[in-house]
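Following: one structure in structure tokens, then a few remarks.
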Amino acid sequence: MGKKRRVGIWMYQNGGGDRIEKRMVKMLKDRGIEPITGLNLRDAYVKGGHIRCHGINMEKLDLFFSYNAGEQTQYQMYLYKALNRMIPCINNYDSFELTEDKFQTSYLLRNNGVSTPDFRLCHRDDSKRLKKFIRSWKQMVYKPTDGWGGVGLTKIDNEATLDTLLPFLNQMDLRFFYVEKFIDYDRTDYRVDIVDGKYVGCYGRKAGGTDWRTNITSGGSVFLREPEEEVVDLAKKAVKIVGLEIAGVDIIYDRKKKEYLVLEINGIPAFATPEQEKLGLDFNDKKIEMIVDMIDRKSAAKR
Ligand SMILES: Nc1ncnc2c1ncn2[C@@H]1O[C@H](COP(=O)(O)OP(=O)(O)O)[C@@H](O)[C@H]1O
Ligand SMILES: [Mg+2]
């Protein structure tokens, strides 16, 4: 018999993540796989050709499962990129890095037949063009391409707003302006979870108060939502294009164009928190099982 497979794990611990991790660890052990948790690449260093983390030579692992959104630093991304060349990583680094950037993702999706909000990009010195954009769109959203939680998103309602905003934008060390047409939607969205190309679950989010953003951090709230087949198919198609093993796809309905749009794809979609489970979000069991299945298959493939 060959040596036991070993799988490295770095998982978020807040919002019930610690309990999800414990369940995954147990299921992996039941399958004869040795899980090694807490492998935070921030603590790693490289010596003798090895990425060493907490006494483990990372490239000797059979797979690395990286699932921690809040704490990813540039250093960690740098090592994640190197490690991904040596062993299977979930998510794979290339797709993860792609979906960390809203422009790169929208560009790829749109050119592969997936509808997104109309977007434009121009050099930071080209504010003339930015003004042309707002004239043709009337309303647009300025977005940092690497943001999350609705932070830094700015709705621009007219040219005057843009004029007041420009000095601030110019102060920031930006390379470019990324803007999207402001979509007329009902201030709700779909979050569709996909694992291994398959549908896992869905919930909705609704913007709070007068905010136009559905993010929980912007005052939004979660609600139960059954997706139409069209929404699930759109999510699956988008994930296939970006190549993520695990993904959460944010979708809204454009009331003007009468079509669903992919807003963004999240490479570390959170499991339902204990509070959300009480609300009726019941896909955690299924999601854990599908991820464990995939880890089992992909860690065996390396041998
Ligand atoms: N083009 C748009 N038109 C209208 N609303 C938008 C648009 N883009 C984003 N939003 C709203 O803002 C929220 C956050 O945008 P998103 O692109 O998902 O960034 P983040 O990564 O910060 O969540 C979305 O959930 C949606 O409610
Ligand atoms: Mg979002």
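Simple scheme: letters A, B, ... for chains in structure tokens order, numbers from 1 for residues in each chain, numbers from 1 for ligands in the order shown.
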Listing only residues of chain A within 12 Å of ligand 2, what is the closest atom pair and its distance in Å (to one decimal) for each, using only C-alpha atoms and all ligand atoms, sorted by chain and residue number ascending, as JSON lines?
{"residue": "A:Thr99", "atom": "CA", "partner": "ligand 2", "partner_atom_place_in_ligand_line": "1 (Mg)", "distance": 11.4}
{"residue": "A:Glu100", "atom": "CA", "partner": "ligand 2", "partner_atom_place_in_ligand_line": "1 (Mg)", "distance": 11.0}
{"residue": "A:Asp101", "atom": "CA", "partner": "ligand 2", "partner_atom_place_in_ligand_line": "1 (Mg)", "distance": 11.7}
{"residue": "A:Lys102", "atom": "CA", "partner": "ligand 2", "partner_atom_place_in_ligand_line": "1 (Mg)", "distance": 9.8}
{"residue": "A:Lys143", "atom": "CA", "partner": "ligand 2", "partner_atom_place_in_ligand_line": "1 (Mg)", "distance": 11.0}
{"residue": "A:Pro144", "atom": "CA", "partner": "ligand 2", "partner_atom_place_in_ligand_line": "1 (Mg)", "distance": 11.8}
{"residue": "A:Thr145", "atom": "CA", "partner": "ligand 2", "partner_atom_place_in_ligand_line": "1 (Mg)", "distance": 11.4}
{"residue": "A:Asp146", "atom": "CA", "partner": "ligand 2", "partner_atom_place_in_ligand_line": "1 (Mg)", "distance": 10.8}
{"residue": "A:Gly147", "atom": "CA", "partner": "ligand 2", "partner_atom_place_in_ligand_line": "1 (Mg)", "distance": 8.7}
{"residue": "A:Trp148", "atom": "CA", "partner": "ligand 2", "partner_atom_place_in_ligand_line": "1 (Mg)", "distance": 6.1}
{"residue": "A:Gly149", "atom": "CA", "partner": "ligand 2", "partner_atom_place_in_ligand_line": "1 (Mg)", "distance": 6.0}
{"residue": "A:Gly150", "atom": "CA", "partner": "ligand 2", "partner_atom_place_in_ligand_line": "1 (Mg)", "distance": 6.4}
{"residue": "A:Val151", "atom": "CA", "partner": "ligand 2", "partner_atom_place_in_ligand_line": "1 (Mg)", "distance": 9.6}
{"residue": "A:Gly152", "atom": "CA", "partner": "ligand 2", "partner_atom_place_in_ligand_line": "1 (Mg)", "distance": 11.8}
{"residue": "A:Leu153", "atom": "CA", "partner": "ligand 2", "partner_atom_place_in_ligand_line": "1 (Mg)", "distance": 10.4}
{"residue": "A:Thr188", "atom": "CA", "partner": "ligand 2", "partner_atom_place_in_ligand_line": "1 (Mg)", "distance": 11.8}
{"residue": "A:Asp189", "atom": "CA", "partner": "ligand 2", "partner_atom_place_in_ligand_line": "1 (Mg)", "distance": 9.5}
{"residue": "A:Tyr190", "atom": "CA", "partner": "ligand 2", "partner_atom_place_in_ligand_line": "1 (Mg)", "distance": 10.4}
{"residue": "A:Arg191", "atom": "CA", "partner": "ligand 2", "partner_atom_place_in_ligand_line": "1 (Mg)", "distance": 9.0}
{"residue": "A:Val192", "atom": "CA", "partner": "ligand 2", "partner_atom_place_in_ligand_line": "1 (Mg)", "distance": 11.9}
{"residue": "A:Arg205", "atom": "CA", "partner": "ligand 2", "partner_atom_place_in_ligand_line": "1 (Mg)", "distance": 10.3}
{"residue": "A:Ala207", "atom": "CA", "partner": "ligand 2", "partner_atom_place_in_ligand_line": "1 (Mg)", "distance": 11.8}
{"residue": "A:Arg213", "atom": "CA", "partner": "ligand 2", "partner_atom_place_in_ligand_line": "1 (Mg)", "distance": 8.6}
{"residue": "A:Thr214", "atom": "CA", "partner": "ligand 2", "partner_atom_place_in_ligand_line": "1 (Mg)", "distance": 7.8}
{"residue": "A:Asn215", "atom": "CA", "partner": "ligand 2", "partner_atom_place_in_ligand_line": "1 (Mg)", "distance": 6.4}
{"residue": "A:Ile216", "atom": "CA", "partner": "ligand 2", "partner_atom_place_in_ligand_line": "1 (Mg)", "distance": 9.6}
{"residue": "A:Thr217", "atom": "CA", "partner": "ligand 2", "partner_atom_place_in_ligand_line": "1 (Mg)", "distance": 10.2}
{"residue": "A:Ser218", "atom": "CA", "partner": "ligand 2", "partner_atom_place_in_ligand_line": "1 (Mg)", "distance": 10.6}
{"residue": "A:Gly220", "atom": "CA", "partner": "ligand 2", "partner_atom_place_in_ligand_line": "1 (Mg)", "distance": 11.3}
{"residue": "A:Gly248", "atom": "CA", "partner": "ligand 2", "partner_atom_place_in_ligand_line": "1 (Mg)", "distance": 9.5}
{"residue": "A:Val249", "atom": "CA", "partner": "ligand 2", "partner_atom_place_in_ligand_line": "1 (Mg)", "distance": 8.7}
{"residue": "A:Asp250", "atom": "CA", "partner": "ligand 2", "partner_atom_place_in_ligand_line": "1 (Mg)", "distance": 6.4}
{"residue": "A:Ile251", "atom": "CA", "partner": "ligand 2", "partner_atom_place_in_ligand_line": "1 (Mg)", "distance": 9.3}
{"residue": "A:Ile252", "atom": "CA", "partner": "ligand 2", "partner_atom_place_in_ligand_line": "1 (Mg)", "distance": 10.7}
{"residue": "A:Val262", "atom": "CA", "partner": "ligand 2", "partner_atom_place_in_ligand_line": "1 (Mg)", "distance": 10.2}
{"residue": "A:Leu263", "atom": "CA", "partner": "ligand 2", "partner_atom_place_in_ligand_line": "1 (Mg)", "distance": 7.1}
{"residue": "A:Glu264", "atom": "CA", "partner": "ligand 2", "partner_atom_place_in_ligand_line": "1 (Mg)", "distance": 6.1}
{"residue": "A:Ile265", "atom": "CA", "partner": "ligand 2", "partner_atom_place_in_ligand_line": "1 (Mg)", "distance": 7.8}
{"residue": "A:Asn266", "atom": "CA", "partner": "ligand 2", "partner_atom_place_in_ligand_line": "1 (Mg)", "distance": 7.5}
{"residue": "A:Gly267", "atom": "CA", "partner": "ligand 2", "partner_atom_place_in_ligand_line": "1 (Mg)", "distance": 11.2}
{"residue": "A:Ile268", "atom": "CA", "partner": "ligand 2", "partner_atom_place_in_ligand_line": "1 (Mg)", "distance": 11.6}
{"residue": "A:Pro269", "atom": "CA", "partner": "ligand 2", "partner_atom_place_in_ligand_line": "1 (Mg)", "distance": 10.3}
Any chance you could list, as a PyMOL selection string, the residues in range 48-288 of chain A that come up helix (DSSP H, G or I) when DSSP is run on the backbone?
chain A and resi 58-60+74-84+93-99+102-110+127-137+159-171+216-218+229-242+274-279+284-288
Quick one: everything within 9 Å of Asp296 in chain A, counting only C-alpha atoms, minus sequence neighbours fewer than 3 positions away in the same chain. Send it as a VMD selection string.
chain A and resid 28 31 33 291 to 293 299 to 301
Store the residues picked out above in a file with N, CA and C atoms, as a short mmCIF file (atom, residue, chain, number, x, y, z; two decimals), in the first residue's frame.
data_model
loop_
_atom_site.label_atom_id
_atom_site.label_comp_id
_atom_site.auth_asym_id
_atom_site.auth_seq_id
_atom_site.Cartn_x
_atom_site.Cartn_y
_atom_site.Cartn_z
N LEU A 28 -12.48 13.61 5.49
CA LEU A 28 -11.25 13.25 4.78
C LEU A 28 -10.56 12.08 5.49
N ARG A 31 -11.87 8.82 4.78
CA ARG A 31 -11.48 8.31 3.46
C ARG A 31 -10.00 7.95 3.40
N ILE A 33 -7.47 9.90 4.17
CA ILE A 33 -6.62 11.03 3.78
C ILE A 33 -6.24 11.81 5.04
N ILE A 291 -17.13 19.14 -2.03
CA ILE A 291 -15.73 19.59 -1.95
C ILE A 291 -14.83 18.42 -1.53
N VAL A 292 -15.29 17.64 -0.55
CA VAL A 292 -14.49 16.49 -0.10
C VAL A 292 -14.32 15.49 -1.25
N ASP A 293 -15.39 15.24 -1.98
CA ASP A 293 -15.31 14.36 -3.16
C ASP A 293 -14.25 14.84 -4.14
N SER A 299 -6.62 14.79 -5.38
CA SER A 299 -5.38 14.45 -4.66
C SER A 299 -4.90 13.07 -5.09
N ALA A 300 -5.82 12.22 -5.54
CA ALA A 300 -5.43 10.90 -6.03
C ALA A 300 -4.81 10.97 -7.40
N ALA A 301 -5.25 11.96 -8.17
CA ALA A 301 -4.80 12.07 -9.57
C ALA A 301 -3.33 12.39 -9.67
#
Of the residues A:Tyr93, A:Trp10, A:Phe176, A:Tyr185, which is the one nearest to ligand 1, using only C-alpha atoms and all ligand atoms?
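Of A:Tyr93, A:Trp10, A:Phe176, A:Tyr185, the one nearest ligand 1 is A:Tyr185, counting only C-alpha atoms and all ligand atoms.
Counting only C-alpha atoms and all ligand atoms, the residue from A:Met24, A:Leu63, A:Met11, A:Val141 that sits nearest to ligand 1 is A:Val141.
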From the set A:Tyr260, A:Phe133, A:Tyr142, A:Phe64, which residue has the shortest atom-to-atom contact distance to ligand 1, counting only C-alpha atoms and all ligand atoms?
A:Tyr142
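Contact shell of range 156-162 of chain A at 10 Å (only C-alpha atoms; same-chain neighbours under 4 positions omitted): Ser127, Leu130, Lys131, Lys132, Phe133, Ile134, Arg135, Trp137, Lys138, Gln139, Met140, Val141, Tyr142, Leu166, Pro167, Leu169, Val179, Lys181 and Phe182 of chain A.
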From range 35-254 of chain A, collect each residue whose DSSP state is strand (DSSP E or B) and return the set as a PyMOL selection string.
chain A and resi 35-36+45-47+50-53+56-57+63-67+89-90+119-123+140-142+154-156+176-181+188-195+198-206+221-224+246-254
Contacts of Gly113 in chain A at 10 Å or less, counting only C-alpha atoms, minus same-chain residues fewer than 5 places along, as a list in words?
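The filter keeps Leu108, Lys237, Ala238 and Ile241 of chain A.
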